[in-house]
$ cat input-v1.txt   # compact mmCIF, C-alpha atoms and all ligand atoms
# COMPACT_ATOMS: atom_id res chain seq x y z
CA MET A 1 -20.00 -27.79 168.83
CA HIS A 2 -18.01 -26.33 165.92
CA ASP A 3 -16.61 -23.59 168.19
CA PHE A 4 -15.69 -26.20 170.77
CA LEU A 5 -13.89 -28.29 168.14
CA ARG A 6 -12.02 -25.26 166.81
CA GLN A 7 -10.70 -24.27 170.21
CA LEU A 8 -9.95 -27.85 171.35
CA PRO A 9 -6.11 -28.15 171.31
CA LYS A 10 -5.82 -30.95 168.79
CA VAL A 11 -2.95 -33.40 168.28
CA GLU A 12 -2.44 -35.02 164.89
CA LEU A 13 -0.51 -38.30 164.75
CA HIS A 14 -0.92 -39.18 161.06
CA LEU A 15 -0.11 -36.55 158.45
CA HIS A 16 1.92 -36.89 155.25
CA ILE A 17 3.56 -33.52 154.78
CA GLU A 18 3.65 -34.04 151.00
CA GLY A 19 -0.12 -34.58 151.20
CA SER A 20 -0.55 -31.13 152.75
CA LEU A 21 0.58 -29.45 149.51
CA GLU A 22 -2.35 -27.18 148.60
CA PRO A 23 -2.89 -26.51 144.86
CA GLU A 24 -2.18 -22.80 145.42
CA LEU A 25 1.31 -23.54 146.77
CA MET A 26 1.80 -26.20 144.08
CA PHE A 27 1.22 -23.50 141.46
CA ALA A 28 3.53 -21.01 143.19
CA LEU A 29 6.34 -23.57 143.43
CA ALA A 30 5.80 -24.72 139.83
CA GLN A 31 6.26 -21.15 138.69
CA ARG A 32 9.31 -20.59 140.91
CA ASN A 33 10.94 -23.79 139.63
CA ASN A 34 9.81 -23.51 136.00
CA ILE A 35 7.79 -26.70 136.02
CA ASP A 36 4.73 -27.41 133.87
CA LEU A 37 1.67 -28.69 135.71
CA PRO A 38 -1.02 -30.90 134.15
CA TYR A 39 -3.67 -28.45 135.44
CA ALA A 40 -4.63 -24.98 134.14
CA SER A 41 -5.45 -23.65 137.61
CA ALA A 42 -5.60 -24.52 141.30
CA GLN A 43 -9.34 -24.94 140.86
CA GLU A 44 -8.80 -27.47 138.07
CA ALA A 45 -6.37 -29.41 140.26
CA LYS A 46 -8.96 -29.64 143.03
CA GLU A 47 -11.55 -30.90 140.56
CA ALA A 48 -9.15 -33.68 139.51
CA TYR A 49 -8.99 -34.94 143.11
CA ASP A 50 -11.65 -37.60 142.68
CA PHE A 51 -10.34 -41.03 143.63
CA ASN A 52 -11.68 -44.57 143.32
CA ASP A 53 -8.99 -46.13 145.50
CA LEU A 54 -5.63 -45.59 147.20
CA GLN A 55 -3.62 -46.09 143.99
CA ALA A 56 -5.59 -43.40 142.11
CA PHE A 57 -4.74 -40.97 144.90
CA LEU A 58 -1.08 -42.03 145.08
CA ASP A 59 -0.65 -41.32 141.36
CA LEU A 60 -1.66 -37.66 141.86
CA TYR A 61 0.18 -37.41 145.20
CA PHE A 62 3.50 -38.40 143.60
CA GLN A 63 2.81 -36.13 140.63
CA GLY A 64 1.98 -33.15 142.86
CA MET A 65 5.19 -33.38 144.89
CA ASN A 66 7.24 -33.02 141.69
CA VAL A 67 7.25 -29.24 142.29
CA LEU A 68 9.38 -29.78 145.45
CA ARG A 69 12.98 -29.37 144.31
CA HIS A 70 14.94 -27.14 146.69
CA GLU A 71 15.35 -26.81 150.43
CA GLU A 72 13.12 -23.69 150.50
CA ASP A 73 10.33 -25.64 148.78
CA PHE A 74 10.26 -28.20 151.61
CA TYR A 75 10.49 -25.39 154.15
CA ASP A 76 7.57 -23.52 152.51
CA LEU A 77 5.53 -26.73 152.27
CA ALA A 78 5.91 -27.47 155.98
CA MET A 79 5.47 -23.87 157.20
CA ASP A 80 2.34 -23.48 155.07
CA TYR A 81 0.89 -26.56 156.75
CA PHE A 82 2.01 -25.63 160.28
CA HIS A 83 0.37 -22.19 160.01
CA ARG A 84 -2.86 -23.63 158.65
CA ALA A 85 -2.94 -26.34 161.31
CA ARG A 86 -2.23 -23.84 164.10
CA ARG A 87 -5.13 -21.65 162.92
CA GLU A 88 -7.38 -24.74 163.19
CA GLY A 89 -6.28 -25.28 166.78
CA VAL A 90 -3.71 -28.02 166.18
CA VAL A 91 -0.84 -27.88 168.72
CA HIS A 92 1.23 -30.90 167.70
CA VAL A 93 1.74 -32.99 164.58
CA ASP A 94 3.69 -36.20 164.00
CA MET A 95 4.67 -35.73 160.38
CA HIS A 96 5.36 -38.53 157.89
CA PHE A 97 7.68 -37.69 155.01
CA ASP A 98 8.69 -39.91 152.06
CA PRO A 99 12.44 -39.60 151.29
CA GLN A 100 12.36 -42.25 148.54
CA ALA A 101 9.73 -40.27 146.62
CA HIS A 102 12.23 -37.40 146.42
CA LEU A 103 15.46 -39.40 145.98
CA GLN A 104 13.82 -41.13 143.03
CA ARG A 105 13.39 -37.72 141.36
CA GLY A 106 17.00 -36.73 142.01
CA VAL A 107 16.28 -34.58 145.08
CA PRO A 108 18.97 -35.31 147.70
CA LEU A 109 18.08 -36.31 151.27
CA GLU A 110 19.93 -33.21 152.57
CA VAL A 111 17.52 -30.97 150.64
CA VAL A 112 14.44 -32.71 152.10
CA MET A 113 15.76 -32.87 155.67
CA GLY A 114 17.23 -29.37 155.58
CA GLY A 115 13.92 -27.76 154.62
CA LEU A 116 11.71 -29.83 156.93
CA LEU A 117 13.98 -29.52 159.98
CA LYS A 118 14.31 -25.75 159.53
CA ALA A 119 10.51 -25.44 159.45
CA LYS A 120 10.14 -27.67 162.53
CA GLN A 121 12.68 -25.62 164.48
CA GLU A 122 11.08 -22.33 163.53
CA ALA A 123 7.54 -23.52 164.34
CA GLU A 124 8.61 -24.91 167.71
CA GLU A 125 10.41 -21.67 168.63
CA SER A 126 7.72 -19.24 167.56
CA MET A 127 4.25 -20.83 167.38
CA ASP A 128 3.47 -22.93 170.50
CA PHE A 129 3.54 -25.89 168.14
CA SER A 130 5.55 -29.12 168.21
CA VAL A 131 6.49 -31.52 165.44
CA GLY A 132 7.44 -35.21 165.48
CA MET A 133 9.32 -36.65 162.51
CA ILE A 134 8.40 -40.00 160.92
CA MET A 135 10.66 -41.12 158.09
CA ALA A 136 8.34 -43.25 155.99
CA PHE A 137 9.29 -45.98 153.52
CA LEU A 138 7.39 -46.87 150.37
CA ARG A 139 6.14 -50.45 150.59
CA ASP A 140 5.72 -50.75 146.81
CA ARG A 141 9.47 -50.27 146.33
CA PRO A 142 12.18 -52.83 147.19
CA ALA A 143 12.93 -53.42 150.87
CA GLU A 144 16.69 -53.26 150.08
CA GLU A 145 16.27 -49.71 148.82
CA ALA A 146 14.49 -48.72 152.03
CA LEU A 147 17.31 -50.20 154.12
CA HIS A 148 19.87 -48.30 152.08
CA VAL A 149 18.00 -45.02 152.59
CA LEU A 150 17.76 -45.64 156.34
CA GLU A 151 21.56 -46.10 156.50
CA GLN A 152 22.10 -43.06 154.30
CA ALA A 153 20.01 -41.08 156.80
CA ALA A 154 22.48 -41.78 159.65
CA PRO A 155 23.33 -38.06 160.13
CA TYR A 156 19.60 -37.41 160.72
CA TRP A 157 18.74 -40.32 163.04
CA LYS A 158 18.95 -38.03 166.03
CA PHE A 159 16.28 -35.76 164.54
CA ILE A 160 13.86 -38.58 163.68
CA ASP A 161 11.33 -40.03 166.13
CA ALA A 162 10.13 -43.04 164.19
CA ILE A 163 10.06 -44.86 160.90
CA GLY A 164 6.81 -45.58 159.08
CA LEU A 165 5.58 -47.70 156.18
CA ASP A 166 3.20 -46.23 153.60
CA SER A 167 2.09 -46.20 149.93
CA ALA A 168 0.23 -48.99 148.10
CA GLU A 169 -0.78 -51.57 150.71
CA ARG A 170 -2.39 -54.33 148.66
CA ASP A 171 0.06 -57.16 147.87
CA HIS A 172 2.82 -55.43 149.85
CA PRO A 173 2.67 -57.15 153.25
CA PRO A 174 4.62 -55.92 156.27
CA SER A 175 6.57 -59.21 156.31
CA GLU A 176 8.74 -57.90 153.43
CA PHE A 177 10.13 -55.20 155.72
CA LYS A 178 11.25 -57.25 158.75
CA THR A 179 14.94 -56.44 158.26
CA LEU A 180 14.30 -52.70 157.85
CA PHE A 181 12.24 -52.53 161.04
CA ALA A 182 14.73 -54.65 162.98
CA ARG A 183 17.46 -52.20 161.97
CA ALA A 184 15.31 -49.23 163.03
CA LYS A 185 14.81 -50.87 166.43
CA GLU A 186 18.58 -51.36 166.75
CA ILE A 187 19.08 -47.66 166.00
CA GLY A 188 16.58 -46.79 168.73
CA LEU A 189 13.77 -45.53 166.51
CA VAL A 190 10.10 -46.14 167.27
CA ARG A 191 8.21 -48.01 164.53
CA VAL A 192 4.77 -47.33 163.08
CA ALA A 193 3.13 -48.70 159.91
CA HIS A 194 0.07 -48.21 157.75
CA ALA A 195 -1.96 -51.42 157.95
CA GLY A 196 -5.59 -52.41 157.51
CA GLU A 197 -6.48 -49.42 155.32
CA GLU A 198 -6.91 -51.27 151.99
CA GLY A 199 -5.04 -54.34 153.17
CA PRO A 200 -6.48 -57.20 155.27
CA ALA A 201 -6.57 -57.53 159.07
CA ASP A 202 -3.67 -59.99 158.77
CA TYR A 203 -1.38 -57.10 157.75
CA ILE A 204 -2.13 -55.46 161.13
CA ILE A 205 -1.07 -58.67 162.88
CA GLN A 206 2.11 -58.80 160.77
CA ALA A 207 2.92 -55.17 161.57
CA LEU A 208 2.60 -55.90 165.31
CA ASP A 209 4.37 -59.28 165.37
CA LEU A 210 6.99 -58.94 162.63
CA LEU A 211 7.73 -55.19 162.63
CA GLY A 212 7.21 -54.40 166.31
CA VAL A 213 5.14 -51.29 165.64
CA GLU A 214 3.89 -49.11 168.47
CA ARG A 215 1.03 -47.57 166.47
CA ILE A 216 -1.07 -48.72 163.52
CA ASP A 217 -1.89 -46.08 160.91
CA HIS A 218 -5.54 -46.55 159.85
CA GLY A 219 -6.21 -50.11 161.09
CA VAL A 220 -9.94 -49.86 160.37
CA ARG A 221 -10.09 -53.32 158.81
CA CYS A 222 -9.19 -54.89 162.18
CA LEU A 223 -12.94 -55.39 162.62
CA GLU A 224 -12.74 -58.31 160.18
CA ASN A 225 -10.91 -60.30 162.89
CA PRO A 226 -12.54 -60.41 166.36
CA ASP A 227 -9.44 -61.96 168.00
CA LEU A 228 -7.34 -59.09 166.65
CA VAL A 229 -9.84 -56.53 167.96
CA GLU A 230 -9.60 -58.12 171.40
CA ARG A 231 -5.80 -58.00 171.24
CA LEU A 232 -5.77 -54.33 170.12
CA ARG A 233 -8.06 -53.55 173.06
CA ARG A 234 -6.00 -55.52 175.59
CA GLU A 235 -2.69 -53.99 174.43
CA GLN A 236 -4.29 -50.55 173.86
CA VAL A 237 -2.51 -50.22 170.50
CA VAL A 238 -3.06 -46.73 169.10
CA LEU A 239 -4.96 -46.55 165.80
CA THR A 240 -4.52 -43.32 163.83
CA VAL A 241 -7.84 -43.25 162.01
CA CYS A 242 -8.39 -40.78 159.16
CA PRO A 243 -12.14 -40.43 158.53
CA LEU A 244 -12.22 -38.10 155.50
CA SER A 245 -9.33 -40.01 153.91
CA ASN A 246 -11.30 -43.25 154.20
CA VAL A 247 -14.31 -41.62 152.51
CA CYS A 248 -12.23 -40.08 149.69
CA LEU A 249 -10.42 -43.36 148.96
CA LYS A 250 -13.66 -45.36 149.20
CA VAL A 251 -12.50 -47.47 152.13
CA VAL A 252 -16.05 -46.65 153.29
CA ASP A 253 -19.01 -45.46 151.17
CA ASP A 254 -20.22 -42.80 153.55
CA LEU A 255 -18.88 -41.33 156.77
CA ARG A 256 -22.07 -42.39 158.57
CA GLU A 257 -21.06 -46.00 157.84
CA HIS A 258 -17.49 -45.49 159.08
CA PRO A 259 -16.34 -48.03 161.70
CA LEU A 260 -15.08 -45.31 164.10
CA PRO A 261 -18.03 -45.53 166.52
CA THR A 262 -17.68 -49.33 166.57
CA LEU A 263 -13.94 -49.11 167.22
CA LEU A 264 -14.62 -46.78 170.16
CA GLN A 265 -17.44 -48.93 171.48
CA LYS A 266 -15.06 -51.92 171.50
CA GLY A 267 -12.68 -49.99 173.75
CA LEU A 268 -9.88 -49.43 171.23
CA ASN A 269 -7.29 -46.66 171.57
CA VAL A 270 -8.53 -44.51 168.70
CA THR A 271 -7.24 -41.13 167.49
CA ILE A 272 -8.31 -38.90 164.58
CA SER A 273 -5.99 -37.49 161.90
CA SER A 274 -6.24 -35.93 158.44
CA ASP A 275 -3.70 -38.06 156.46
CA ASP A 276 -3.41 -35.88 153.30
CA PRO A 277 -5.47 -32.75 154.03
CA ALA A 278 -4.86 -31.04 150.66
CA TYR A 279 -6.30 -34.04 148.81
CA PHE A 280 -9.03 -35.31 151.14
CA GLY A 281 -11.20 -32.27 151.76
CA GLY A 282 -9.63 -30.69 154.81
CA GLY A 283 -7.48 -30.85 157.89
CA MET A 284 -8.00 -31.72 161.53
CA LEU A 285 -10.88 -29.31 162.07
CA ALA A 286 -12.80 -30.55 159.01
CA ASN A 287 -12.28 -34.16 160.16
CA HIS A 288 -13.54 -33.37 163.66
CA VAL A 289 -16.55 -31.42 162.39
CA ALA A 290 -17.42 -34.21 159.93
CA CYS A 291 -17.33 -36.77 162.79
CA ALA A 292 -19.52 -34.57 164.99
CA ASP A 293 -22.06 -34.26 162.17
CA ALA A 294 -21.97 -37.93 161.13
CA PHE A 295 -21.88 -39.57 164.57
CA GLY A 296 -23.51 -36.99 166.85
CA TRP A 297 -20.64 -37.33 169.34
CA SER A 298 -20.61 -35.22 172.51
CA GLU A 299 -17.69 -33.03 173.57
CA ASP A 300 -16.29 -35.69 175.93
CA VAL A 301 -15.76 -38.13 173.05
CA PHE A 302 -13.50 -35.58 171.34
CA VAL A 303 -11.71 -34.87 174.62
CA GLN A 304 -11.03 -38.61 175.04
CA LEU A 305 -9.74 -38.95 171.45
CA THR A 306 -7.46 -35.96 172.02
CA ARG A 307 -6.14 -37.45 175.28
CA ASN A 308 -5.38 -40.67 173.40
CA ALA A 309 -3.38 -38.67 170.85
CA ILE A 310 -1.49 -36.67 173.50
CA ASP A 311 -0.49 -39.89 175.30
CA ALA A 312 0.93 -41.37 172.08
CA ALA A 313 2.51 -38.25 170.51
CA PHE A 314 6.25 -38.07 169.89
CA VAL A 315 6.98 -35.28 172.40
CA SER A 316 9.16 -34.70 175.44
CA ALA A 317 7.66 -35.22 178.91
CA ASP A 318 7.63 -31.44 179.41
CA ARG A 319 5.78 -30.79 176.19
CA ARG A 320 3.29 -33.59 176.95
CA ALA A 321 2.53 -31.96 180.29
CA ASP A 322 1.90 -28.66 178.43
CA LEU A 323 -0.49 -30.38 176.03
CA LEU A 324 -2.57 -32.02 178.78
C1 LIG B 401 -1.15 -42.30 152.05
CL1 LIG B 401 -3.80 -42.43 152.58
C2 LIG B 401 -2.24 -43.11 152.38
N1 LIG B 401 -2.10 -44.44 152.47
C3 LIG B 401 -0.90 -44.96 152.26
N2 LIG B 401 0.17 -44.24 151.95
C4 LIG B 401 0.05 -42.91 151.85
N3 LIG B 401 0.95 -41.95 151.57
C5 LIG B 401 0.32 -40.78 151.58
N4 LIG B 401 -0.97 -40.98 151.88
ZN ZN B 402 -1.38 -42.18 155.71
$ encode --input "input-v1.txt" --output "structure tokens" --more "lines below"
Ligand code: ES4
Ligand code: ZN
Amino acid sequence: MHDFLRQLPKVELHLHIEGSLEPELMFALAQRNNIDLPYASAQEAKEAYDFNDLQAFLDLYFQGMNVLRHEEDFYDLAMDYFHRARREGVVHVDMHFDPQAHLQRGVPLEVVMGGLLKAKQEAEESMDFSVGMIMAFLRDRPAEEALHVLEQAAPYWKFIDAIGLDSAERDHPPSEFKTLFARAKEIGLVRVAHAGEEGPADYIIQALDLLGVERIDHGVRCLENPDLVERLRREQVVLTVCPLSNVCLKVVDDLREHPLPTLLQKGLNVTISSDDPAYFGGGMLANHVACADAFGWSEDVFVQLTRNAIDAAFVSADRRADLL
């Protein structure tokens, strides 16, 4: 089964590129940019990755990305991930990135976009790999700031597939971002949002009804509302579920108690992603292997999940045909 999962051409729809920053690269970039890290070694950093909830993770996530200062840093970050993913049999990734997290630290949008787009172009030309771009907005910062950043990003709209909504979910409902998402629709961008990870099922409903999202990132708490589950099934809304992330952030106690099998059994359009592979114990392959071990799924379950991801991926019709 592990060999099958390694060679299966996998498609990842939910990946924060800043969350793919491995401690080894963090140390290399810290040295290159003369930045002090709160860890003595890469090993010590990994040992600090022990989270009780989403906020505990976000604190270290924002701290870790402080080593990203120059265009080459963003390029190296993305290329490092693309190579690792490709070696695990990943053939496409839709990549979230958090411009506000960098602007806040004085890193200009041009630096972020320049590095990420150069890496995307190079990977697509040389690695049989494709990359979708999701400009994500931080829901624990003001909606007006997000709108300003979206306007500021006008020169890059043509390179972006979608906007997303991430960061601390509790007490930051989708309803606060109606104007931002309406503007993204006007621009012609697809919309996705994190909902129902730590937040209630109602936030999934808000994301669908008020933000017009095409996919829900996580969405596992939909099971608290049977009417919502029926709607997600009827409309075949894609859920980008991240099993190891949910274990690490204690959304579930144990992978064997994860709602994934129930979501599938209810006929929902489920996909599997890694979220923040450097922080949550591994990438796409580790997530697939963990599901095989925890749920005893057969090969055809993984084939179906992969088909779901291919159908929803931000790719051209030609590339989608290649992936099938
Ligand atoms: C995230 Cl796991 C998760 N949830 C919400 N926002 C995020 N940003 C990076 N990882
Ligand atoms: Zn996420």
$ residues_near_ligand --input "input-v1.txt" --ligand "ligand ZN 402 (chain B)" --cutoff "12 Å" --atoms "all atoms listed in the file" --output "ChimeraX atom specification"
/A:12-20,54,57-58,61,94-98,134,136-138,164-169,192-198,216-219,239-246,249,272-277,279-280
$ closest_residue --input "input-v1.txt" --among "A:Leu232, A:Ala182, A:Cys248, A:Ala286" --to "Leu264 (chain A)" --atoms "all atoms listed in the file"
A:Leu232
$ closest_residue --input "input-v1.txt" --among "A:Val90, A:Ile160, A:Ala101, A:Cys291" --to "ligand LIG 401 (chain B)" --atoms "all atoms listed in the file"
A:Ala101
$ closest_residue --input "input-v1.txt" --among "A:Leu180, A:Leu228, A:Ala40, A:Val11" --to "Leu150 (chain A)" --atoms "all atoms listed in the file"
A:Leu180
$ residues_around --input "input-v1.txt" --residues "region 71-73 of chain A" --least-positions-apart "6" --cutoff "9 Å" --atoms "only C-alpha atoms" --output "PyMOL selection string"
chain A and resi 29+110-116
$ atom_distance --input "input-v1.txt" --atom1 "CA of Ala119 (chain A)" --atom2 "CA of Leu21 (chain A)"
14.6 Å
$ closest_residue --input "input-v1.txt" --among "A:Met135, A:Leu189, A:Val67, A:Ala162" --to "Val107 (chain A)" --atoms "only C-alpha atoms"
A:Val67
$ closest_residue --input "input-v1.txt" --among "A:Gly212, A:Pro9, A:Gly132, A:Pro155" --to "Phe314 (chain A)" --atoms "all atoms listed in the file"
A:Gly132
$ residues_around --input "input-v1.txt" --residues "Ala312 (chain A)" --least-positions-apart "5" --cutoff "9 Å" --atoms "only C-alpha atoms" --output "ChimeraX atom specification"
/A:13,215,238,307
$ closest_residue --input "input-v1.txt" --among "A:Ala313, A:Ala278, A:Val289, A:Val270" --to "ligand LIG 401 (chain B)" --atoms "only C-alpha atoms and all ligand atoms"
A:Ala278
